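A.B. asks: Next comes the structure file data_36.cif, holding mmCIF, C-alpha atoms.
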data_coords
#
loop_
_atom_site.label_atom_id
_atom_site.label_comp_id
_atom_site.auth_asym_id
_atom_site.auth_seq_id
_atom_site.Cartn_x
_atom_site.Cartn_y
_atom_site.Cartn_z
CA MET A 1 -19.93 31.50 -1.72
CA GLY A 2 -17.93 31.27 -4.88
CA GLY A 3 -14.62 32.67 -5.93
CA MET A 4 -12.64 29.44 -6.00
CA ILE A 5 -11.00 28.42 -9.29
CA ILE A 6 -10.13 24.78 -10.00
CA ALA A 7 -7.63 23.95 -12.75
CA VAL A 8 -7.45 20.62 -14.57
CA PRO A 9 -4.22 20.27 -16.58
CA ALA A 10 -3.63 17.64 -19.24
CA GLU A 11 -1.74 14.64 -17.87
CA ASN A 12 1.68 14.49 -19.50
CA SER A 13 2.98 11.16 -18.18
CA GLU A 14 3.75 8.75 -20.99
CA GLY A 15 0.74 6.56 -21.79
CA GLU A 16 -1.59 8.32 -19.33
CA ARG A 17 -5.01 8.73 -20.98
CA ARG A 18 -7.14 9.60 -17.94
CA VAL A 19 -8.27 13.05 -16.88
CA ALA A 20 -8.85 14.18 -13.29
CA LEU A 21 -12.30 15.80 -13.76
CA VAL A 22 -14.91 14.88 -16.35
CA PRO A 23 -17.67 17.17 -17.68
CA GLU A 24 -20.47 15.72 -15.52
CA THR A 25 -18.48 16.58 -12.38
CA VAL A 26 -17.64 20.04 -13.74
CA GLN A 27 -21.35 20.68 -14.21
CA ARG A 28 -22.14 19.80 -10.60
CA LEU A 29 -19.30 21.97 -9.30
CA ALA A 30 -20.40 24.86 -11.50
CA ALA A 31 -23.88 24.59 -9.95
CA LYS A 32 -22.21 25.32 -6.60
CA ASN A 33 -20.55 28.43 -8.06
CA ILE A 34 -17.12 26.79 -8.26
CA ALA A 35 -15.27 27.83 -11.43
CA VAL A 36 -13.38 25.14 -13.35
CA ARG A 37 -10.71 25.79 -15.98
CA VAL A 38 -9.55 22.89 -18.13
CA GLU A 39 -6.47 22.72 -20.32
CA SER A 40 -7.38 22.27 -23.97
CA GLY A 41 -7.20 18.60 -24.90
CA ALA A 42 -7.02 17.39 -21.28
CA GLY A 43 -9.89 14.95 -21.77
CA ARG A 44 -9.25 14.04 -25.40
CA ASN A 45 -7.65 10.65 -24.77
CA ALA A 46 -10.55 9.66 -22.50
CA TRP A 47 -13.07 10.77 -25.16
CA PHE A 48 -14.14 13.98 -23.41
CA ALA A 49 -13.92 16.85 -25.89
CA ASP A 50 -13.22 20.50 -25.11
CA ASP A 51 -16.79 21.32 -26.18
CA ASP A 52 -18.11 18.84 -23.61
CA TYR A 53 -16.34 20.83 -20.91
CA ARG A 54 -17.59 24.14 -22.28
CA ARG A 55 -21.17 22.87 -22.25
CA ALA A 56 -20.66 21.77 -18.64
CA GLY A 57 -19.63 25.31 -17.67
CA ALA A 58 -15.82 25.10 -17.73
CA ALA A 59 -13.45 27.55 -19.36
CA VAL A 60 -11.04 25.82 -21.75
CA VAL A 61 -7.52 27.28 -21.62
CA SER A 62 -4.51 26.73 -23.87
CA GLY A 63 -1.15 26.25 -22.16
CA THR A 64 -0.37 24.68 -18.80
CA ALA A 65 1.42 27.66 -17.24
CA SER A 66 -1.39 30.14 -17.92
CA LEU A 67 -3.87 27.60 -16.53
CA LEU A 68 -2.03 26.95 -13.27
CA ASP A 69 -0.93 30.41 -12.19
CA GLN A 70 -4.53 31.57 -11.60
CA ALA A 71 -5.80 28.45 -9.85
CA ASP A 72 -6.73 28.09 -6.20
CA LEU A 73 -6.83 24.31 -6.57
CA VAL A 74 -5.12 22.11 -9.17
CA VAL A 75 -6.54 18.60 -9.64
CA LYS A 76 -4.33 15.96 -11.28
CA ILE A 77 -3.85 12.22 -11.41
CA ARG A 78 -0.09 11.90 -11.74
CA VAL A 79 2.76 13.61 -9.90
CA PRO A 80 3.37 17.16 -11.17
CA THR A 81 6.48 17.88 -13.20
CA PRO A 82 9.05 20.38 -11.86
CA LEU A 83 7.75 22.88 -14.43
CA GLU A 84 4.20 22.41 -13.19
CA VAL A 85 5.35 22.91 -9.60
CA GLU A 86 7.03 26.20 -10.58
CA SER A 87 3.87 27.29 -12.41
CA LEU A 88 1.62 26.82 -9.38
CA ARG A 89 0.54 29.99 -7.63
CA ALA A 90 2.21 30.26 -4.22
CA GLY A 91 -0.30 29.32 -1.56
CA ALA A 92 -2.52 27.30 -3.90
CA SER A 93 -3.63 23.71 -3.28
CA LEU A 94 -2.92 20.55 -5.27
CA VAL A 95 -4.63 17.16 -5.28
CA CYS A 96 -2.95 14.16 -6.98
CA LEU A 97 -1.42 10.73 -6.45
CA LEU A 98 1.92 11.95 -5.06
CA TYR A 99 3.78 9.05 -3.36
CA PRO A 100 6.04 11.55 -1.55
CA ARG A 101 8.73 9.05 -0.52
CA ASP A 102 9.24 8.13 -4.18
CA ASN A 103 9.05 11.77 -5.30
CA ALA A 104 11.02 13.49 -2.58
CA GLU A 105 12.31 16.42 -4.64
CA VAL A 106 8.85 17.24 -5.98
CA THR A 107 7.46 17.09 -2.44
CA ARG A 108 10.14 19.45 -1.13
CA GLY A 109 9.49 21.78 -4.08
CA LEU A 110 5.77 21.88 -3.27
CA ALA A 111 6.54 22.73 0.36
CA LYS A 112 8.94 25.46 -0.73
CA ARG A 113 6.23 27.07 -2.88
CA ARG A 114 3.82 26.92 0.07
CA ILE A 115 1.47 24.58 -1.76
CA THR A 116 -1.06 22.61 0.27
CA THR A 117 -0.75 19.14 -1.27
CA VAL A 118 -3.32 16.39 -0.79
CA ALA A 119 -1.77 12.99 -1.59
CA MET A 120 -4.73 10.79 -2.52
CA GLU A 121 -2.93 7.49 -1.90
CA ARG A 122 -2.69 8.43 1.81
CA LEU A 123 -6.43 8.72 2.34
CA PRO A 124 -7.48 6.72 5.43
CA ARG A 125 -9.68 3.66 4.95
CA THR A 126 -12.72 4.91 6.83
CA THR A 127 -16.42 4.91 6.00
CA LEU A 128 -16.37 8.70 5.62
CA ALA A 129 -13.44 8.59 3.18
CA GLN A 130 -14.76 5.69 1.11
CA ALA A 131 -16.41 7.88 -1.54
CA MET A 132 -13.08 9.72 -2.04
CA ASP A 133 -10.88 6.63 -2.28
CA VAL A 134 -9.17 6.79 -5.68
CA LEU A 135 -6.97 3.76 -4.94
CA SER A 136 -10.10 1.63 -4.67
CA SER A 137 -11.80 3.08 -7.73
CA GLN A 138 -8.72 2.76 -9.92
CA SER A 139 -7.92 -0.70 -8.55
CA THR A 140 -11.42 -1.76 -9.61
CA ALA A 141 -10.56 -0.73 -13.16
CA ALA A 142 -7.12 -2.35 -13.03
CA GLY A 143 -8.43 -5.67 -11.66
CA TYR A 144 -11.03 -5.92 -14.41
CA ARG A 145 -8.58 -4.94 -17.13
CA ALA A 146 -5.95 -7.43 -15.90
CA VAL A 147 -8.30 -10.33 -16.63
CA ILE A 148 -9.18 -8.99 -20.08
CA VAL A 149 -5.48 -8.55 -20.92
CA ALA A 150 -4.73 -12.07 -19.66
CA ALA A 151 -7.62 -13.58 -21.62
CA ASN A 152 -6.37 -11.86 -24.76
CA ALA A 153 -2.86 -13.27 -24.25
CA LEU A 154 -3.94 -16.82 -23.31
CA ALA A 155 -4.10 -19.34 -26.17
CA LYS A 156 -7.08 -21.07 -24.55
CA PHE A 157 -10.78 -20.56 -23.91
CA PHE A 158 -11.85 -19.27 -20.50
CA PRO A 159 -15.12 -21.22 -20.05
CA MET A 160 -15.70 -24.96 -20.28
CA LEU A 161 -17.10 -25.79 -23.72
CA MET A 162 -18.92 -28.86 -24.99
CA THR A 163 -18.39 -29.04 -28.74
CA PRO A 164 -18.67 -31.63 -31.54
CA ALA A 165 -14.88 -31.67 -31.45
CA GLY A 166 -14.94 -32.68 -27.81
CA SER A 167 -15.05 -30.92 -24.46
CA ILE A 168 -12.74 -28.03 -23.55
CA ALA A 169 -11.67 -27.69 -19.92
CA PRO A 170 -12.08 -24.23 -18.34
CA ALA A 171 -9.05 -22.02 -17.75
CA ARG A 172 -7.61 -21.99 -14.25
CA VAL A 173 -6.95 -18.55 -12.79
CA PHE A 174 -5.04 -17.88 -9.56
CA ILE A 175 -5.35 -14.44 -7.95
CA LEU A 176 -2.64 -13.45 -5.46
CA GLY A 177 -3.94 -10.63 -3.29
CA ALA A 178 -7.65 -10.25 -2.58
CA GLY A 179 -7.94 -6.51 -2.10
CA VAL A 180 -10.10 -4.35 -4.37
CA ALA A 181 -8.16 -5.21 -7.56
CA GLY A 182 -8.00 -8.89 -6.70
CA LEU A 183 -11.71 -9.16 -5.91
CA GLN A 184 -12.61 -7.43 -9.18
CA ALA A 185 -10.27 -9.83 -11.01
CA ILE A 186 -11.97 -12.79 -9.33
CA ALA A 187 -15.42 -11.54 -10.30
CA THR A 188 -14.38 -10.89 -13.91
CA ALA A 189 -12.62 -14.24 -14.34
CA ARG A 190 -15.64 -16.03 -12.91
CA ARG A 191 -17.98 -14.18 -15.30
CA LEU A 192 -15.82 -15.40 -18.18
CA GLY A 193 -16.19 -18.98 -16.94
CA ALA A 194 -12.79 -19.73 -15.40
CA VAL A 195 -12.10 -21.84 -12.34
CA VAL A 196 -10.67 -19.35 -9.85
CA GLU A 197 -8.50 -19.69 -6.75
CA ALA A 198 -7.34 -16.79 -4.58
CA PHE A 199 -4.72 -16.17 -1.92
CA ASP A 200 -4.27 -13.39 0.64
CA VAL A 201 -2.43 -13.13 3.96
CA ARG A 202 -5.34 -11.14 5.42
CA ARG A 203 -7.87 -13.44 7.09
CA THR A 204 -10.65 -10.90 6.63
CA THR A 205 -10.66 -11.46 2.85
CA ARG A 206 -11.89 -15.07 3.05
CA GLN A 207 -15.60 -14.25 3.09
CA ASP A 208 -15.29 -11.83 0.16
CA VAL A 209 -13.39 -14.38 -1.92
CA GLU A 210 -15.86 -17.18 -1.22
CA SER A 211 -18.85 -14.94 -1.92
CA LEU A 212 -17.51 -14.46 -5.46
CA GLY A 213 -17.27 -18.20 -6.06
CA ALA A 214 -13.50 -18.61 -5.78
CA LYS A 215 -11.62 -21.15 -3.70
CA VAL A 216 -9.54 -19.73 -0.85
CA ILE A 217 -5.93 -20.89 -0.63
CA GLU A 218 -4.72 -20.80 2.95
CA PRO A 219 -1.73 -18.48 3.52
CA GLY A 220 0.43 -21.08 5.24
CA THR A 221 1.30 -18.69 8.07
CA GLU A 222 -0.29 -17.92 11.42
CA ALA A 223 0.43 -14.22 10.98
CA ASN A 224 -2.53 -12.06 10.00
CA GLY A 225 -0.77 -9.66 7.65
CA GLU A 226 -3.18 -6.76 8.05
CA THR A 227 -3.03 -3.26 9.52
CA ALA A 228 -5.84 -1.70 11.53
CA GLU A 229 -6.78 0.21 8.35
CA GLY A 230 -7.14 -3.01 6.34
CA TYR A 231 -3.91 -2.76 4.32
CA ALA A 232 -1.50 -5.67 3.99
CA THR A 233 1.58 -5.53 6.20
CA GLN A 234 5.14 -6.53 5.40
CA LEU A 235 5.69 -10.17 6.36
CA THR A 236 8.77 -11.49 8.10
CA ALA A 237 11.16 -13.46 5.91
CA ALA A 238 9.94 -16.71 7.46
CA SER A 239 6.25 -15.87 6.97
CA LEU A 240 6.90 -14.77 3.38
CA GLN A 241 8.63 -18.08 2.63
CA ARG A 242 5.72 -20.03 4.11
CA ALA A 243 3.36 -17.99 1.92
CA ARG A 244 5.45 -18.86 -1.17
CA ASP A 245 5.39 -22.54 -0.20
CA ALA A 246 1.59 -22.34 0.10
CA VAL A 247 1.06 -20.79 -3.35
CA GLN A 248 3.70 -22.74 -5.29
CA PRO A 249 1.55 -25.74 -6.38
CA HIS A 250 -1.34 -23.44 -7.33
CA VAL A 251 0.94 -21.23 -9.44
CA ALA A 252 2.22 -24.34 -11.22
CA ASN A 253 -1.34 -25.50 -11.92
CA ALA A 254 -2.66 -22.14 -13.16
CA ASP A 255 -3.12 -21.00 -16.73
CA ILE A 256 -3.18 -17.39 -15.50
CA CYS A 257 -1.77 -15.79 -12.35
CA ILE A 258 -2.82 -12.23 -11.52
CA THR A 259 -0.80 -10.67 -8.70
CA THR A 260 -2.01 -7.60 -6.80
CA ALA A 261 -0.18 -7.73 -3.46
CA LEU A 262 1.06 -4.34 -2.23
CA VAL A 263 2.34 -3.03 1.11
CA PRO A 264 2.13 0.75 1.73
CA ASN A 265 5.49 2.55 1.36
CA GLN A 266 7.32 -0.72 0.62
CA ARG A 267 8.55 -2.65 -2.38
CA ALA A 268 5.93 -5.17 -3.47
CA PRO A 269 6.58 -8.59 -1.88
CA ILE A 270 7.90 -11.29 -4.23
CA LEU A 271 5.37 -14.11 -4.14
CA ILE A 272 6.25 -15.84 -7.43
CA THR A 273 9.94 -16.69 -7.65
CA ALA A 274 11.92 -17.43 -10.81
CA SER A 275 11.93 -21.14 -9.97
CA MET A 276 8.12 -21.09 -9.64
CA VAL A 277 7.83 -19.53 -13.11
CA GLN A 278 10.01 -22.34 -14.46
CA LYS A 279 7.49 -24.90 -13.19
CA MET A 280 4.49 -23.25 -14.88
CA ARG A 281 3.05 -24.79 -18.04
CA PRO A 282 4.23 -23.38 -21.38
CA GLY A 283 1.83 -20.69 -22.59
CA SER A 284 0.79 -19.61 -19.09
CA ILE A 285 0.30 -15.93 -18.31
CA ILE A 286 1.27 -13.74 -15.33
CA VAL A 287 -0.24 -10.25 -15.07
CA ASP A 288 1.63 -8.37 -12.35
CA LEU A 289 -0.46 -5.45 -11.08
CA ALA A 290 2.27 -4.69 -8.54
CA ALA A 291 4.80 -3.92 -11.30
CA GLU A 292 4.88 -0.21 -10.46
CA ARG A 293 6.21 -1.14 -6.99
CA GLY A 294 8.77 -3.65 -8.30
CA GLY A 295 6.43 -6.57 -8.94
CA ASN A 296 5.15 -9.65 -7.11
CA CYS A 297 6.96 -11.88 -9.62
CA GLU A 298 10.73 -12.05 -9.45
CA LEU A 299 10.98 -11.95 -13.26
CA THR A 300 8.64 -9.02 -13.85
CA GLU A 301 10.14 -6.15 -15.82
CA PRO A 302 8.09 -3.04 -14.94
CA GLY A 303 6.57 -1.46 -18.02
CA LYS A 304 7.24 -4.46 -20.27
CA ASP A 305 5.69 -7.71 -21.46
CA VAL A 306 8.37 -10.42 -21.44
CA MET A 307 8.51 -14.17 -21.96
CA ARG A 308 10.53 -16.25 -19.51
CA HIS A 309 10.58 -20.06 -19.50
CA GLU A 310 7.71 -20.01 -22.07
CA VAL A 311 5.56 -17.98 -19.67
CA THR A 312 4.37 -14.48 -20.64
CA ILE A 313 4.86 -11.98 -17.79
CA ILE A 314 2.90 -8.75 -18.24
CA GLY A 315 4.28 -5.86 -16.19
CA ARG A 316 2.29 -2.92 -17.57
CA LEU A 317 2.21 0.09 -15.27
CA ASN A 318 -1.21 1.63 -15.81
CA LEU A 319 -3.91 -0.88 -16.67
CA ALA A 320 -6.56 1.40 -15.18
CA GLY A 321 -5.59 3.95 -17.82
CA ASP A 322 -6.62 1.47 -20.53
CA LEU A 323 -10.19 2.10 -19.36
CA ALA A 324 -9.66 5.83 -19.62
CA MET A 325 -13.31 6.84 -19.94
CA ASP A 326 -14.76 4.98 -16.96
CA ALA A 327 -11.61 5.20 -14.85
CA SER A 328 -11.70 8.99 -15.32
CA ARG A 329 -15.37 9.09 -14.35
CA MET A 330 -14.63 7.19 -11.15
CA TYR A 331 -11.60 9.30 -10.29
CA SER A 332 -13.59 12.45 -10.99
CA ARG A 333 -16.40 11.43 -8.64
CA ASN A 334 -13.80 10.76 -5.94
CA MET A 335 -12.39 14.24 -6.55
CA GLU A 336 -15.80 15.87 -6.30
CA LYS A 337 -16.41 14.30 -2.88
CA LEU A 338 -12.95 15.36 -1.68
CA ILE A 339 -13.25 18.94 -2.94
CA LEU A 340 -16.63 19.42 -1.31
CA TYR A 341 -15.32 17.89 1.91
CA PHE A 342 -12.66 20.60 2.21
CA TRP A 343 -14.75 23.42 0.67
CA ARG A 344 -16.28 25.75 3.25
CA ASP A 345 -17.76 29.22 2.65
CA GLY A 346 -16.21 29.51 -0.79
CA ILE A 347 -12.67 28.44 0.12
CA LEU A 348 -10.73 25.28 0.99
CA ARG A 349 -10.21 24.79 4.72
CA PHE A 350 -7.76 22.26 6.16
CA ASP A 351 -8.31 21.32 9.80
CA PHE A 352 -5.49 19.11 11.05
CA ARG A 353 -7.63 17.89 13.94
CA ASP A 354 -9.57 16.01 11.27
CA GLU A 355 -8.40 12.45 10.44
CA ILE A 356 -8.70 12.80 6.67
CA THR A 357 -6.74 16.07 6.62
CA ARG A 358 -4.11 14.77 9.02
CA ASN A 359 -3.48 11.66 6.92
CA CYS A 360 -3.46 12.95 3.37
CA VAL A 361 -2.27 16.57 3.50
CA VAL A 362 1.47 16.22 2.87
CA THR A 363 2.67 19.83 2.50
CA HIS A 364 1.08 22.93 4.02
CA ASP A 365 2.12 26.46 4.92
CA GLY A 366 5.67 26.02 3.64
CA GLU A 367 6.38 22.75 5.45
CA ILE A 368 6.05 19.01 5.07
CA ALA A 369 3.07 18.54 7.33
CA ASP A 370 3.58 14.95 8.43
CA GLU A 371 6.41 14.70 11.00
CA GLU A 372 7.32 11.10 10.13
CA LEU A 373 7.42 11.91 6.43
CA ARG A 374 9.44 15.08 7.12
CA ASP A 375 12.03 13.02 8.99
CA ALA A 376 12.11 10.36 6.24
CA LEU A 377 12.62 12.88 3.44
CA GLY A 378 15.24 14.69 5.49
CA ALA A 379 17.08 11.40 6.02
CA MET A 380 17.01 10.70 2.26
CA ARG A 381 18.69 14.03 1.65
CA GLY A 382 21.09 13.59 4.55
CA ASP A 383 19.71 16.47 6.66
#
Is it possible to express this structure as structure tokens?
C.D. replies:
Amino acid sequence: MGGMIIAVPAENSEGERRVALVPETVQRLAAKNIAVRVESGAGRNAWFADDDYRRAGAAVVSGTASLLDQADLVVKIRVPTPLEVESLRAGASLVCLLYPRDNAEVTRGLAKRRITTVAMERLPRTTLAQAMDVLSSQSTAAGYRAVIVAANALAKFFPMLMTPAGSIAPARVFILGAGVAGLQAIATARRLGAVVEAFDVRRTTRQDVESLGAKVIEPGTEANGETAEGYATQLTAASLQRARDAVQPHVANADICITTALVPNQRAPILITASMVQKMRPGSIIVDLAAERGGNCELTEPGKDVMRHEVTIIGRLNLAGDLAMDASRMYSRNMEKLILYFWRDGILRFDFRDEITRNCVVTHDGEIADEELRDALGAMRGD
């Protein structure tokens, strides 16, 4: 037992306020004789002070390099910088949201330094992995926050009101994509009193949408755009056009559209075209949660709020980070489950016969572990 050191560096991506481990998780890990070292100020923007970590049993360290070079395991949210990669101790392990196809050079650098890298976005959708699923936990935060941001931007009430000045009709909200983020958006919009419709190409989402009180909009295609793991698949051009035709009148009738449709390892599908935006009522709002993958709206500008045809299109990249305190708590609990899953007899053990390991361990023992990914990254470089 014991001996393992976990390091939690401060996130240095612009606008990132979350932290990978919070004090309550540190305290539980410390009770298992797992040492945690936290960079000074790492939790400040999520309202977790250095003293909170000290009371939980962590050592607080100044300077990223001195923190990382002693660690057996580094836990992050965002992709490490090249400097962080160079500061990692050879043979150590790293857990983060990596997206290796988008960050090919970082991934190759991690392999070169013999880092075992766990890419959290590749975790399989199984019952066993559910408690470790950071995409779900952070999508919950993003879906909730998207509705709050939209409500703040909309020049109308959400609920129906009966007032001495007359009745006010409720806002109409259309959710495109009924995964975790979409379902949380539906629930939040309904709590605020809006009339909600929702669309998804996956037939299995119907019951969840209806259970939350939203109207299901049929996808307009016979294809069931779903993988065996429950993720959306890339539609054919014909199926995508039929989906656009199905949503067009509902987009035009909505005060708010919240788009959440993503396909693993692909650009986000364009569901709202420029011509559809033109037909929306002046003052309408689009919140595009797929902005980081290019956007579900043709006019989305990732990282910006823009107005096009008198419609506000919100393309912010990290809405979960707006809820830094609770989003960090959720991420941290996911991390705790993952760490303890791999932790055996005082060290981390990675068994590639295991489904979770096989899916989410990207680099190991000096190589890119996944053969398909290895071929893809080699092709990008021209190997």
A.B. asks: Rounded to one decimal place, report the CA of Glu86 (chain A)-CA of Met4 (chain A) distance in Å.
C.D. replies: 20.5 Å
A.B. asks: May I ask which of the residues A:Lys76, A:Ala214, A:Ala90, A:Ile256 is the closest one to Lys112 (chain A), counting only C-alpha atoms?
C.D. replies: A:Ala90
A.B. asks: Using only C-alpha atoms, find the one residue out of A:Ala146, A:Ile258, A:Ala104, A:Val79 that sits nearest to Glu121 (chain A).
C.D. replies: A:Val79
A.B. asks: Quick one, how far is CA of Ala169 (chain A) from CA of Gly143 (chain A)?
C.D. replies: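 Rounded to one decimal, the two atoms are 23.7 Å apart.
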A.B. asks: Which residue gives the smallest distance to Ile217 (chain A) among A:Ala56, A:Ala46, A:Leu317, A:Ile175, with all atoms listed in the file counted?
C.D. replies: A:Ile175
A.B. asks: Copy region 40-61 of chain A out of the block into a file, keeping N, CA and C atoms, as a short mmCIF file (atom, residue, chain, number, x, y, z; two decimals), in the first residue's frame.
C.D. replies:
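Done, and the output landed in decode-v6.cif:
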data_model
loop_
_atom_site.label_atom_id
_atom_site.label_comp_id
_atom_site.auth_asym_id
_atom_site.auth_seq_id
_atom_site.Cartn_x
_atom_site.Cartn_y
_atom_site.Cartn_z
N SER A 40 0.01 25.45 -6.23
CA SER A 40 -0.58 26.59 -5.54
C SER A 40 -1.48 27.38 -6.48
N GLY A 41 -2.69 27.63 -6.03
CA GLY A 41 -3.65 28.39 -6.84
C GLY A 41 -4.45 27.56 -7.82
N ALA A 42 -4.23 26.25 -7.87
CA ALA A 42 -4.91 25.41 -8.87
C ALA A 42 -6.43 25.47 -8.74
N GLY A 43 -6.92 25.56 -7.51
CA GLY A 43 -8.36 25.57 -7.31
C GLY A 43 -8.97 26.94 -7.08
N ARG A 44 -8.14 27.97 -7.17
CA ARG A 44 -8.59 29.33 -6.80
C ARG A 44 -9.81 29.78 -7.60
N ASN A 45 -9.79 29.56 -8.90
CA ASN A 45 -10.87 30.07 -9.75
C ASN A 45 -12.16 29.26 -9.62
N ALA A 46 -12.07 28.10 -8.94
CA ALA A 46 -13.27 27.32 -8.63
C ALA A 46 -13.65 27.46 -7.16
N TRP A 47 -13.00 28.41 -6.47
CA TRP A 47 -13.27 28.71 -5.07
C TRP A 47 -12.82 27.62 -4.11
N PHE A 48 -11.74 26.93 -4.46
CA PHE A 48 -11.08 25.99 -3.55
C PHE A 48 -9.70 26.55 -3.24
N ALA A 49 -9.50 26.98 -2.00
CA ALA A 49 -8.27 27.65 -1.60
C ALA A 49 -7.16 26.65 -1.29
N ASP A 50 -5.92 27.11 -1.34
CA ASP A 50 -4.78 26.26 -0.99
C ASP A 50 -4.96 25.66 0.41
N ASP A 51 -5.46 26.44 1.33
CA ASP A 51 -5.66 25.93 2.70
C ASP A 51 -6.69 24.82 2.76
N ASP A 52 -7.67 24.87 1.86
CA ASP A 52 -8.66 23.77 1.79
C ASP A 52 -7.96 22.46 1.42
N TYR A 53 -7.02 22.54 0.50
CA TYR A 53 -6.27 21.35 0.09
C TYR A 53 -5.35 20.87 1.22
N ARG A 54 -4.73 21.80 1.89
CA ARG A 54 -3.84 21.42 3.00
C ARG A 54 -4.64 20.70 4.08
N ARG A 55 -5.81 21.23 4.42
CA ARG A 55 -6.64 20.58 5.45
C ARG A 55 -7.09 19.20 5.01
N ALA A 56 -7.23 19.00 3.69
CA ALA A 56 -7.64 17.69 3.17
C ALA A 56 -6.49 16.69 3.13
N GLY A 57 -5.26 17.17 3.37
CA GLY A 57 -4.11 16.26 3.39
C GLY A 57 -3.18 16.38 2.23
N ALA A 58 -3.39 17.37 1.33
CA ALA A 58 -2.51 17.55 0.18
C ALA A 58 -1.32 18.43 0.54
N ALA A 59 -0.25 18.25 -0.21
CA ALA A 59 0.88 19.19 -0.16
C ALA A 59 0.67 20.21 -1.27
N VAL A 60 0.84 21.49 -0.95
CA VAL A 60 0.67 22.55 -1.93
C VAL A 60 2.05 22.99 -2.40
N VAL A 61 2.27 22.96 -3.72
CA VAL A 61 3.59 23.17 -4.30
C VAL A 61 3.55 24.37 -5.24
#
